[in-house]
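All remarks here apply to the structure that follows.
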Amino acid sequence: MITPIAVRVSVHTARMLVAEETLRVWCASTSTEVVDFRDLDKWPRKKTYTKDFGYPLDKSRAHPPKRPRRNWSDVTAIMLHTTGVAGMTPKRGLGLPAHLFVPRGEAIVLCHDLDRYLFHGHAGNSRSVGLEIAGASVWDRPSQVERVRALLRYFRDVRRELLGPDVVCEVMAHRQSHESRVNDPGAEIWRDAGEWAIEELGFELGPTLGTGNTIDAWRLR
């Protein structure tokens with residue numbers, strides 16, 4: 001027997017969701033380029049690319065592990081990351097083990113399908129979508145703020161479209177899922193994106209997992 005959720009996810013793989021159409025309309029209206037690396041046949045990760053795609057040239061690190069597609073009822077959170085490197089171009093997204101990437105340039109990058117399991121967030125891998133932001137724990141360019149907010153709306157809209165209008169969405173920092181990521185994505189990014197999602201979009205704060213740290217200090221204004 002196929003559950004209603006399974007049916008909706010199978011439809012998702014066959015056509016573009018309205019949520020993605022809405023995101024692309026927003027991008028067109030703001031002159032934001034959409035770079036799409038999700039097709040692994042067209043953009044294989046186990047391959048060496050030219051240096052304009054960044055180092056290492058072999059992108060195997062960004063290849064998804066051999067695991068089943070995740071059930072959307074289990075993918076509750078979007079996790080904010082910073083690359084720790086300023087000036088990254090859209091092409092650099094090909095080598096990131098993340099679902100979404102906001103580079104310095106006026107673009108958003110769709111790195112992987114949102115229901116793929118990726119090694120992006122330690123204890124939060126199974127429940128979250130990874131959103132990487134170019135910069136060293138601060139914004140690399142002011143326009144990144146609105147691009148990240150557009151992707152937060154996109155995540156919310158995908159979950160609502162697949163699971164219903166009352167579904168709960170969470171936002172997390174990588175800091176919350178591993179002790180080594182103390183300043184990931186950083187207080188400035190968290191306040192402009194994570195707290196904004198909670199206050200403006202109705203997201204809930206995701207939990208602290210594994211060896212992760214709380215973000216209490218970042219929430220003080």
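Chain identifiers are assigned as A, B, and so on, following the order in which chains appear in the structure tokens; residues are numbered from 1 within each chain, and ligands are numbered from 1 in order of appearance.
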
Given only C-alpha atoms, how would the per-residue table for segment 18-124 of chain A near segment 169-179 of chain A read, listing every residue at most 7 Å away with its closest atom pair and distance in Å to one decimal, sorted by chain and number, as a Markdown table?
```
| residue | atom | partner | partner_atom | distance |
| --- | --- | --- | --- | --- |
| A:Thr76 | CA | A:Cys169 | CA | 5.5 |
| A:Ala77 | CA | A:Glu170 | CA | 4.3 |
| A:Ile78 | CA | A:Val171 | CA | 5.0 |
| A:Met79 | CA | A:Met172 | CA | 4.6 |
| A:Leu80 | CA | A:Ala173 | CA | 4.9 |
| A:His81 | CA | A:His174 | CA | 5.7 |
| A:Gly121 | CA | A:His174 | CA | 6.1 |
| A:His122 | CA | A:Ser177 | CA | 6.0 |
| A:Ala123 | CA | A:Ser177 | CA | 5.2 |
| A:Gly124 | CA | A:Ser177 | CA | 5.8 |
```

Would you export the selected residues with C-alpha atoms as a PDB file, in the first residue's frame, please?
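Generated output (part27.pdb):
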```pdb
ATOM      1  CA  THR A  76      11.875  18.787   9.418  1.00  0.00           C
ATOM      2  CA  ALA A  77      14.704  21.343   9.442  1.00  0.00           C
ATOM      3  CA  ILE A  78      16.880  23.537   7.279  1.00  0.00           C
ATOM      4  CA  MET A  79      20.415  23.914   8.650  1.00  0.00           C
ATOM      5  CA  LEU A  80      22.439  27.086   8.068  1.00  0.00           C
ATOM      6  CA  HIS A  81      26.160  26.734   7.345  1.00  0.00           C
ATOM      7  CA  GLY A 121      25.476  18.449   9.310  1.00  0.00           C
ATOM      8  CA  HIS A 122      26.805  15.701  11.588  1.00  0.00           C
ATOM      9  CA  ALA A 123      24.033  14.679  14.020  1.00  0.00           C
ATOM     10  CA  GLY A 124      21.508  16.666  11.961  1.00  0.00           C
TER      11      GLY A 124
END
```

- Can you pull out every residue within 9 Å of Val18 of chain A, counting only C-alpha atoms, but drop anything in the same chain fewer than 5 positions away, and send it as number ranges by chain? A: 23, 157-158, 161

- Message: With distances taken over only C-alpha atoms, which residue among A:Thr22, A:Gly54, A:Arg104, A:Phe37 lies nearest Ala136 of chain A?
- Response: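 Nearest to Ala136 of chain A: A:Arg104.
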
- Task: Would you return as a list of chain:residue names the members of segment 29-152 of chain A that DSSP assigns to helix (DSSP H, G or I) on this structure's backbone?
- Result: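 Of segment 29-152 of chain A, only A:Ser29, A:Lys51, A:Asp52, A:Phe53, A:Ser60, A:Arg61, A:Ala62, A:Pro90, A:Lys91, A:Arg92, A:Gly93, A:Leu94, A:Gly95, A:His122, A:Ala123, A:Gly124, A:Gln144, A:Val145, A:Glu146, A:Arg147, A:Val148, A:Arg149, A:Ala150, A:Leu151, A:Leu152 fall in helix (DSSP H, G or I).
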
With 12 Å as the cut-off and only C-alpha atoms counted, what is the closest atom pair between each nearby residue of segment 97-152 of chain A and segment 189-212 of chain A? Distances in Å to one decimal, ordered by chain and number, as JSON lines.
```
{"residue": "A:Gly121", "atom": "CA", "partner": "A:Leu209", "partner_atom": "CA", "distance": 10.2}
{"residue": "A:His122", "atom": "CA", "partner": "A:Gly210", "partner_atom": "CA", "distance": 8.3}
{"residue": "A:Ala123", "atom": "CA", "partner": "A:Gly210", "partner_atom": "CA", "distance": 5.6}
{"residue": "A:Gly124", "atom": "CA", "partner": "A:Leu209", "partner_atom": "CA", "distance": 6.9}
{"residue": "A:Asn125", "atom": "CA", "partner": "A:Leu209", "partner_atom": "CA", "distance": 10.4}
{"residue": "A:Ser126", "atom": "CA", "partner": "A:Leu209", "partner_atom": "CA", "distance": 11.5}
{"residue": "A:Arg127", "atom": "CA", "partner": "A:Gly206", "partner_atom": "CA", "distance": 10.0}
{"residue": "A:Ser128", "atom": "CA", "partner": "A:Gly206", "partner_atom": "CA", "distance": 9.6}
{"residue": "A:Leu131", "atom": "CA", "partner": "A:Ala193", "partner_atom": "CA", "distance": 11.1}
{"residue": "A:Glu132", "atom": "CA", "partner": "A:Ile189", "partner_atom": "CA", "distance": 11.2}
{"residue": "A:Ile133", "atom": "CA", "partner": "A:Ile189", "partner_atom": "CA", "distance": 8.9}
{"residue": "A:Ala134", "atom": "CA", "partner": "A:Ile189", "partner_atom": "CA", "distance": 10.8}
{"residue": "A:Gly135", "atom": "CA", "partner": "A:Ile189", "partner_atom": "CA", "distance": 9.7}
{"residue": "A:Ala136", "atom": "CA", "partner": "A:Ile189", "partner_atom": "CA", "distance": 10.2}
{"residue": "A:Ser137", "atom": "CA", "partner": "A:Ile189", "partner_atom": "CA", "distance": 7.1}
{"residue": "A:Val138", "atom": "CA", "partner": "A:Ile189", "partner_atom": "CA", "distance": 6.0}
{"residue": "A:Trp139", "atom": "CA", "partner": "A:Ile189", "partner_atom": "CA", "distance": 6.5}
{"residue": "A:Asp140", "atom": "CA", "partner": "A:Ile189", "partner_atom": "CA", "distance": 10.1}
{"residue": "A:Arg141", "atom": "CA", "partner": "A:Ile189", "partner_atom": "CA", "distance": 11.4}
{"residue": "A:Pro142", "atom": "CA", "partner": "A:Asp192", "partner_atom": "CA", "distance": 10.7}
{"residue": "A:Ser143", "atom": "CA", "partner": "A:Asp192", "partner_atom": "CA", "distance": 11.7}
{"residue": "A:Gln144", "atom": "CA", "partner": "A:Ile189", "partner_atom": "CA", "distance": 9.7}
{"residue": "A:Val145", "atom": "CA", "partner": "A:Asp192", "partner_atom": "CA", "distance": 6.9}
{"residue": "A:Glu146", "atom": "CA", "partner": "A:Ala193", "partner_atom": "CA", "distance": 8.7}
{"residue": "A:Arg147", "atom": "CA", "partner": "A:Ala193", "partner_atom": "CA", "distance": 9.9}
{"residue": "A:Val148", "atom": "CA", "partner": "A:Ala193", "partner_atom": "CA", "distance": 6.9}
{"residue": "A:Arg149", "atom": "CA", "partner": "A:Ala193", "partner_atom": "CA", "distance": 6.3}
{"residue": "A:Ala150", "atom": "CA", "partner": "A:Ala193", "partner_atom": "CA", "distance": 10.0}
{"residue": "A:Leu151", "atom": "CA", "partner": "A:Ala193", "partner_atom": "CA", "distance": 10.1}
{"residue": "A:Leu152", "atom": "CA", "partner": "A:Ala197", "partner_atom": "CA", "distance": 7.0}
```

Using only N, CA and C atoms, please write the residues we just selected to a file, as a PDB file, in the first residue's frame.
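Okay, this is what ended up in again.pdb:
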```
ATOM      1  N   GLY A 121      25.766  17.857   8.014  1.00  0.00           N
ATOM      2  CA  GLY A 121      25.476  18.449   9.310  1.00  0.00           C
ATOM      3  C   GLY A 121      25.612  17.538  10.504  1.00  0.00           C
ATOM      4  N   HIS A 122      26.544  16.571  10.445  1.00  0.00           N
ATOM      5  CA  HIS A 122      26.805  15.701  11.588  1.00  0.00           C
ATOM      6  C   HIS A 122      25.523  15.079  12.140  1.00  0.00           C
ATOM      7  N   ALA A 123      25.193  15.326  13.402  1.00  0.00           N
ATOM      8  CA  ALA A 123      24.033  14.679  14.020  1.00  0.00           C
ATOM      9  C   ALA A 123      22.706  15.118  13.405  1.00  0.00           C
ATOM     10  N   GLY A 124      22.737  16.186  12.588  1.00  0.00           N
ATOM     11  CA  GLY A 124      21.508  16.666  11.961  1.00  0.00           C
ATOM     12  C   GLY A 124      21.303  16.192  10.544  1.00  0.00           C
ATOM     13  N   ASN A 125      22.140  15.281  10.049  1.00  0.00           N
ATOM     14  CA  ASN A 125      22.050  14.876   8.648  1.00  0.00           C
ATOM     15  C   ASN A 125      20.689  14.322   8.246  1.00  0.00           C
ATOM     16  N   SER A 126      20.144  13.445   9.065  1.00  0.00           N
ATOM     17  CA  SER A 126      18.936  12.733   8.652  1.00  0.00           C
ATOM     18  C   SER A 126      17.707  13.632   8.624  1.00  0.00           C
ATOM     19  N   ARG A 127      17.681  14.676   9.440  1.00  0.00           N
ATOM     20  CA  ARG A 127      16.466  15.467   9.585  1.00  0.00           C
ATOM     21  C   ARG A 127      16.513  16.804   8.868  1.00  0.00           C
ATOM     22  N   SER A 128      17.667  17.153   8.259  1.00  0.00           N
ATOM     23  CA  SER A 128      17.810  18.522   7.780  1.00  0.00           C
ATOM     24  C   SER A 128      18.272  18.633   6.334  1.00  0.00           C
ATOM     25  N   LEU A 131      22.044  24.302   3.939  1.00  0.00           N
ATOM     26  CA  LEU A 131      22.132  25.539   3.165  1.00  0.00           C
ATOM     27  C   LEU A 131      23.466  26.199   3.488  1.00  0.00           C
ATOM     28  N   GLU A 132      24.388  26.153   2.524  1.00  0.00           N
ATOM     29  CA  GLU A 132      25.714  26.750   2.695  1.00  0.00           C
ATOM     30  C   GLU A 132      25.710  28.202   2.224  1.00  0.00           C
ATOM     31  N   ILE A 133      26.396  29.056   2.978  1.00  0.00           N
ATOM     32  CA  ILE A 133      26.472  30.482   2.681  1.00  0.00           C
ATOM     33  C   ILE A 133      27.943  30.867   2.577  1.00  0.00           C
ATOM     34  N   ALA A 134      28.334  31.417   1.432  1.00  0.00           N
ATOM     35  CA  ALA A 134      29.721  31.840   1.261  1.00  0.00           C
ATOM     36  C   ALA A 134      30.051  32.974   2.216  1.00  0.00           C
ATOM     37  N   GLY A 135      31.187  32.844   2.908  1.00  0.00           N
ATOM     38  CA  GLY A 135      31.611  33.858   3.857  1.00  0.00           C
ATOM     39  C   GLY A 135      32.248  33.229   5.074  1.00  0.00           C
ATOM     40  N   ALA A 136      33.004  34.013   5.806  1.00  0.00           N
ATOM     41  CA  ALA A 136      33.695  33.542   6.996  1.00  0.00           C
ATOM     42  C   ALA A 136      32.902  33.914   8.243  1.00  0.00           C
ATOM     43  N   SER A 137      31.737  33.305   8.384  1.00  0.00           N
ATOM     44  CA  SER A 137      30.825  33.491   9.521  1.00  0.00           C
ATOM     45  C   SER A 137      30.170  34.869   9.573  1.00  0.00           C
ATOM     46  N   VAL A 138      30.299  35.631   8.495  1.00  0.00           N
ATOM     47  CA  VAL A 138      29.552  36.875   8.303  1.00  0.00           C
ATOM     48  C   VAL A 138      29.141  36.916   6.840  1.00  0.00           C
ATOM     49  N   TRP A 139      28.216  37.801   6.511  1.00  0.00           N
ATOM     50  CA  TRP A 139      27.777  37.916   5.128  1.00  0.00           C
ATOM     51  C   TRP A 139      28.925  38.357   4.237  1.00  0.00           C
ATOM     52  N   ASP A 140      29.038  37.718   3.093  1.00  0.00           N
ATOM     53  CA  ASP A 140      30.068  38.059   2.118  1.00  0.00           C
ATOM     54  C   ASP A 140      29.616  39.216   1.229  1.00  0.00           C
ATOM     55  N   ARG A 141      28.312  39.375   1.096  1.00  0.00           N
ATOM     56  CA  ARG A 141      27.721  40.460   0.309  1.00  0.00           C
ATOM     57  C   ARG A 141      26.320  40.707   0.862  1.00  0.00           C
ATOM     58  N   PRO A 142      25.868  41.967   0.979  1.00  0.00           N
ATOM     59  CA  PRO A 142      24.553  42.253   1.565  1.00  0.00           C
ATOM     60  C   PRO A 142      23.395  41.529   0.886  1.00  0.00           C
ATOM     61  N   SER A 143      23.460  41.329  -0.434  1.00  0.00           N
ATOM     62  CA  SER A 143      22.346  40.697  -1.144  1.00  0.00           C
ATOM     63  C   SER A 143      22.153  39.234  -0.768  1.00  0.00           C
ATOM     64  N   GLN A 144      23.147  38.649  -0.113  1.00  0.00           N
ATOM     65  CA  GLN A 144      22.983  37.260   0.327  1.00  0.00           C
ATOM     66  C   GLN A 144      21.820  37.117   1.304  1.00  0.00           C
ATOM     67  N   VAL A 145      21.561  38.151   2.077  1.00  0.00           N
ATOM     68  CA  VAL A 145      20.493  38.067   3.077  1.00  0.00           C
ATOM     69  C   VAL A 145      19.169  37.708   2.413  1.00  0.00           C
ATOM     70  N   GLU A 146      18.788  38.438   1.379  1.00  0.00           N
ATOM     71  CA  GLU A 146      17.504  38.178   0.731  1.00  0.00           C
ATOM     72  C   GLU A 146      17.510  36.864  -0.025  1.00  0.00           C
ATOM     73  N   ARG A 147      18.658  36.470  -0.549  1.00  0.00           N
ATOM     74  CA  ARG A 147      18.714  35.177  -1.243  1.00  0.00           C
ATOM     75  C   ARG A 147      18.544  34.020  -0.271  1.00  0.00           C
ATOM     76  N   VAL A 148      19.162  34.117   0.896  1.00  0.00           N
ATOM     77  CA  VAL A 148      18.969  33.074   1.910  1.00  0.00           C
ATOM     78  C   VAL A 148      17.525  33.061   2.390  1.00  0.00           C
ATOM     79  N   ARG A 149      16.934  34.222   2.584  1.00  0.00           N
ATOM     80  CA  ARG A 149      15.534  34.270   3.003  1.00  0.00           C
ATOM     81  C   ARG A 149      14.613  33.653   1.951  1.00  0.00           C
ATOM     82  N   ALA A 150      14.939  33.848   0.669  1.00  0.00           N
ATOM     83  CA  ALA A 150      14.140  33.229  -0.390  1.00  0.00           C
ATOM     84  C   ALA A 150      14.216  31.710  -0.303  1.00  0.00           C
ATOM     85  N   LEU A 151      15.374  31.176   0.044  1.00  0.00           N
ATOM     86  CA  LEU A 151      15.519  29.726   0.161  1.00  0.00           C
ATOM     87  C   LEU A 151      14.849  29.194   1.424  1.00  0.00           C
ATOM     88  N   LEU A 152      14.806  29.976   2.472  1.00  0.00           N
ATOM     89  CA  LEU A 152      14.041  29.578   3.657  1.00  0.00           C
ATOM     90  C   LEU A 152      12.551  29.487   3.323  1.00  0.00           C
TER      91      LEU A 152
END
```

- Message: When DSSP is applied to the backbone of this structure, which of segment 4-145 of chain A are assigned strand (DSSP E or B)? Write them out as a ChimeraX atom specification.
- Response: /A:33-36,48,58,77-82,85,100-102,107-110,128-133,135

- Task: Find the spatial neighbours of Tyr55 of chain A, counting only C-alpha atoms, within a cut-off of 12 Å - ignore same-chain residues fewer than 5 positions away - and output them as a ChimeraX atom specification.
- Result: /A:48-50,60-61,88,91-96

Create the file for the chosen residues now, containing N, CA and C atoms and written as a compact mmCIF listing (two decimals), in the first residue's frame.
```
# COMPACT_ATOMS: atom_id res chain seq x y z
N THR A 48 36.79 14.72 -11.99
CA THR A 48 37.67 15.86 -11.84
C THR A 48 37.22 16.98 -12.76
N TYR A 49 37.13 18.20 -12.21
CA TYR A 49 36.68 19.37 -12.96
C TYR A 49 37.81 20.40 -13.07
N THR A 50 37.60 21.40 -13.88
CA THR A 50 38.59 22.46 -14.05
C THR A 50 38.64 23.34 -12.80
N SER A 60 34.31 14.26 -5.43
CA SER A 60 33.72 13.08 -4.80
C SER A 60 33.14 13.36 -3.42
N ARG A 61 33.73 14.32 -2.71
CA ARG A 61 33.24 14.66 -1.37
C ARG A 61 31.77 15.07 -1.39
N MET A 88 33.35 33.02 -2.73
CA MET A 88 33.08 31.81 -3.50
C MET A 88 32.08 32.07 -4.62
N LYS A 91 29.93 28.32 -9.21
CA LYS A 91 30.47 27.02 -9.63
C LYS A 91 31.04 26.22 -8.47
N ARG A 92 31.45 26.92 -7.42
CA ARG A 92 32.01 26.22 -6.26
C ARG A 92 30.98 25.34 -5.58
N GLY A 93 29.71 25.60 -5.84
CA GLY A 93 28.66 24.78 -5.25
C GLY A 93 28.68 23.33 -5.69
N LEU A 94 29.31 23.04 -6.82
CA LEU A 94 29.37 21.67 -7.31
C LEU A 94 30.11 20.76 -6.34
N GLY A 95 31.06 21.31 -5.61
CA GLY A 95 31.87 20.49 -4.71
C GLY A 95 31.42 20.50 -3.26
N LEU A 96 30.27 21.09 -2.98
CA LEU A 96 29.80 21.17 -1.60
C LEU A 96 28.83 20.04 -1.27
```

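Shortest separation to Lys51 of chain A among A:Ser29, A:Thr89, A:Ser180, A:Thr214 occurs at residue A:Thr89, atoms counted being only C-alpha atoms.
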
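Candidate residues A:Gly164, A:Leu114, A:Arg45, A:Thr30 were compared for distance to His63 of chain A, and the nearest is A:Arg45, using only C-alpha atoms.
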
- Task: Please measure the separation of atom CA of Val109 of chain A and atom CA of Asp41 of chain A, giving the value in Å to one decimal.
- Result: 17.1 Å

- Shortest interatomic distance to Gly84 of chain A - which of A:Lys42, A:Arg219, A:Lys47, A:Arg181, counting only C-alpha atoms: A:Arg181

- Task: Tell me which protein, DNA and RNA residues are within 10 Å of Arg69 of chain A, counting only C-alpha atoms, leaving out same-chain ones fewer than 2 positions away, and put them as a list in words.
- Result: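 Within the cut-off, the hits are Val9, Lys66, Arg67, Asn71, Trp72, Asp113, Leu114, Asp115, Arg116 and Tyr117 of chain A.
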
How about saving the chosen residues, N, CA and C atoms kept, as a PDB file, in the first residue's frame?
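Okay, this is what ended up in result.pdb:
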```
ATOM      1  N   VAL A   9       5.508  12.448  -2.734  1.00  0.00           N
ATOM      2  CA  VAL A   9       6.925  12.524  -3.008  1.00  0.00           C
ATOM      3  C   VAL A   9       7.229  11.971  -4.386  1.00  0.00           C
ATOM      4  N   LYS A  66      25.170   6.114  -0.642  1.00  0.00           N
ATOM      5  CA  LYS A  66      24.169   5.170  -1.149  1.00  0.00           C
ATOM      6  C   LYS A  66      23.139   4.886  -0.065  1.00  0.00           C
ATOM      7  N   ARG A  67      22.208   5.782   0.059  1.00  0.00           N
ATOM      8  CA  ARG A  67      21.119   5.636   1.028  1.00  0.00           C
ATOM      9  C   ARG A  67      19.809   5.970   0.331  1.00  0.00           C
ATOM     10  N   ASN A  71      12.154  10.333   3.564  1.00  0.00           N
ATOM     11  CA  ASN A  71      10.734  10.647   3.610  1.00  0.00           C
ATOM     12  C   ASN A  71      10.580  12.092   4.069  1.00  0.00           C
ATOM     13  N   TRP A  72       9.774  12.861   3.366  1.00  0.00           N
ATOM     14  CA  TRP A  72       9.654  14.286   3.692  1.00  0.00           C
ATOM     15  C   TRP A  72       9.066  14.539   5.075  1.00  0.00           C
ATOM     16  N   ASP A 113      18.938  17.399  -4.784  1.00  0.00           N
ATOM     17  CA  ASP A 113      17.534  17.292  -4.414  1.00  0.00           C
ATOM     18  C   ASP A 113      17.415  17.330  -2.900  1.00  0.00           C
ATOM     19  N   LEU A 114      16.386  17.994  -2.405  1.00  0.00           N
ATOM     20  CA  LEU A 114      16.263  18.209  -0.968  1.00  0.00           C
ATOM     21  C   LEU A 114      16.003  16.935  -0.174  1.00  0.00           C
ATOM     22  N   ASP A 115      15.513  15.894  -0.842  1.00  0.00           N
ATOM     23  CA  ASP A 115      15.243  14.660  -0.100  1.00  0.00           C
ATOM     24  C   ASP A 115      16.435  13.699  -0.097  1.00  0.00           C
ATOM     25  N   ARG A 116      17.557  14.092  -0.682  1.00  0.00           N
ATOM     26  CA  ARG A 116      18.749  13.247  -0.623  1.00  0.00           C
ATOM     27  C   ARG A 116      19.416  13.346   0.745  1.00  0.00           C
ATOM     28  N   TYR A 117      19.946  12.230   1.193  1.00  0.00           N
ATOM     29  CA  TYR A 117      20.754  12.216   2.418  1.00  0.00           C
ATOM     30  C   TYR A 117      22.163  12.671   2.051  1.00  0.00           C
TER      31      TYR A 117
END
```
